[in-house]
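Enquirer: Okay, here's the structure, questions in a sec.
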Amino acid sequence: MQDRNELMERLNRAADTLRRRIGACRPAVGIILGSGLNPLAEAVEDAVHVPFREVPFMRASTADGHVGRFVCGMFAGVPVLMMQGRLHGYEDCSAVDVAFPVWLMARLGIQRLITTNAAGAVNASYQVGDFCIMNDQINLTGRNPIANLDAADMAERFFSMLDCFDPHLRALAHEAAAETGVRVQEGVYLGVLGPSFETRAEIRAFRTLGADTVAMSVCEEVIAARHAGMSVLGMSLISNMACGIQGASPTEEEIREVGASREADFERLMRALVPKVAQAD
């Protein structure tokens, strides 16, 4: 049986390394960039790049289009730490592996997290290219990063997930969308393990459960962030209609193409949003 303090020791070593690498930068907001959204990190000014593989105990990203590095610097006048890519369960990463960079952000003093991804629309009224603010989540990955002795020892094991996506941050996201003229939806996000896309029957079941969007990430990150006391905003790019909706059969190429077509609007929205999040009470 491993020592109860092993995870804490790993996080402390990783945090020490990342602090040294980013120098004087003290990020106020953490941002996880999902599929098709990685290019936003190129807009960070005075950027310091730290590949995941150079941080002790961090897994490397293998997902297509995920650069796999931390980017620290200024974005829209705010010091940020972006993850240019993320870790997924389908990459042979455990729930603790997926949560590790989120806990690492908390170790660096970051209390506000924006997590983004590409998602399929279960809600047939959504349109490909919309952005969707997450107002709740359904975790169907079958995993939870706190179901681990070390992780549970970091904070209270049993904790509330009410308003796991902060209502005030969601309101700020709507404000930013209105200011920039970027179309947004709001709905319930459902996370699965992947990497196969869902079947038509699964999508029908997810609709019955109350899901509006579905993808293969986010849920474990949000659980870890809330366990660490972070406020979370989640936002998806609707990159495709889910399987069977309007005859859809999702492909990775489609997701990449939609992401590329929405780069400018995503940056415009985030430039309006990030300062609001940084200043939120």
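Following the order of the structure tokens, first chain is A, next is B, and so on, with residues numbered from 1 inside each chain and ligands from 1 in the order they appear.
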I'd like the contact shell of region 36-47 of chain A - 10 Å cut-off, only C-alpha atoms, skipping same-chain residues fewer than 3 positions apart - returned as number ranges by chain.

Expert: A: 22, 25, 31-33, 50, 64-86, 116-118, 236-237, 239, 255-264, 266-268, 270-271

Enquirer: From a backbone DSSP assignment, name each residue in region 63-239 of chain A labelled strand (DSSP E), as a ChimeraX atom specification.

Expert: /A:69-75,78-84,112-121,131-139,184-191,213-215,231-239

Enquirer: Might you pull out every residue within 12 Å of Leu269 (chain A), with only C-alpha atoms counted and same-chain residues fewer than 6 positions away left off, and present them as a VMD selection string?

Expert: chain A and resid 40 76 130 to 131 172 to 184 235 237 262 to 263 275 to 276

Enquirer: Out of region 50-174 of chain A, which residues get alpha helix (DSSP H) from DSSP, as a list in words?

Expert: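 Here are the alpha helix (DSSP H) residues of region 50-174 of chain A: Ala95, Val96, Asp97, Val98, Ala99, Phe100, Pro101, Val102, Trp103, Leu104, Met105, Ala106, Arg107, Leu149, Asp150, Ala151, Ala152, Pro167, His168, Leu169, Arg170, Ala171, Leu172, Ala173 and His174 of chain A.
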
Enquirer: Now that the selection is made, can you save its residues with C-alpha atoms as a PDB file, in the first residue's frame?

Expert:
```
ATOM      1  CA  ALA A  95      -8.590   9.931 -13.033  1.00  0.00           C
ATOM      2  CA  VAL A  96      -5.787  11.171 -10.775  1.00  0.00           C
ATOM      3  CA  ASP A  97      -3.579  11.828 -13.838  1.00  0.00           C
ATOM      4  CA  VAL A  98      -6.363  13.898 -15.401  1.00  0.00           C
ATOM      5  CA  ALA A  99      -6.916  15.835 -12.171  1.00  0.00           C
ATOM      6  CA  PHE A 100      -3.217  16.381 -11.475  1.00  0.00           C
ATOM      7  CA  PRO A 101      -2.765  19.627 -13.480  1.00  0.00           C
ATOM      8  CA  VAL A 102      -5.917  21.086 -11.920  1.00  0.00           C
ATOM      9  CA  TRP A 103      -4.607  20.403  -8.424  1.00  0.00           C
ATOM     10  CA  LEU A 104      -1.298  21.827  -9.611  1.00  0.00           C
ATOM     11  CA  MET A 105      -3.025  25.077 -10.575  1.00  0.00           C
ATOM     12  CA  ALA A 106      -4.592  25.223  -7.120  1.00  0.00           C
ATOM     13  CA  ARG A 107      -1.118  24.724  -5.600  1.00  0.00           C
ATOM     14  CA  LEU A 149      -6.850   7.693  -0.538  1.00  0.00           C
ATOM     15  CA  ASP A 150      -4.256  10.348  -1.297  1.00  0.00           C
ATOM     16  CA  ALA A 151      -6.672  12.624  -3.147  1.00  0.00           C
ATOM     17  CA  ALA A 152      -9.354  12.262  -0.507  1.00  0.00           C
ATOM     18  CA  PRO A 167     -23.463  30.905 -11.352  1.00  0.00           C
ATOM     19  CA  HIS A 168     -21.703  34.279 -11.165  1.00  0.00           C
ATOM     20  CA  LEU A 169     -19.051  33.223 -13.668  1.00  0.00           C
ATOM     21  CA  ARG A 170     -21.775  31.899 -15.964  1.00  0.00           C
ATOM     22  CA  ALA A 171     -23.495  35.284 -15.821  1.00  0.00           C
ATOM     23  CA  LEU A 172     -20.218  36.981 -16.694  1.00  0.00           C
ATOM     24  CA  ALA A 173     -19.843  34.664 -19.682  1.00  0.00           C
ATOM     25  CA  HIS A 174     -23.268  35.728 -20.937  1.00  0.00           C
TER      26      HIS A 174
END
```

Enquirer: Can you tell me how far CA of Glu198 (chain A) sits from CA of Phe52 (chain A), in Å to one decimal?

Expert: 29.2 Å

Enquirer: Skipping near chain neighbours, those fewer than 6 positions away, what residues fall within 7 Å of Met241 (chain A) using only C-alpha atoms, listed as a PyMOL selection string?

Expert: chain A and resi 120-122+128+248
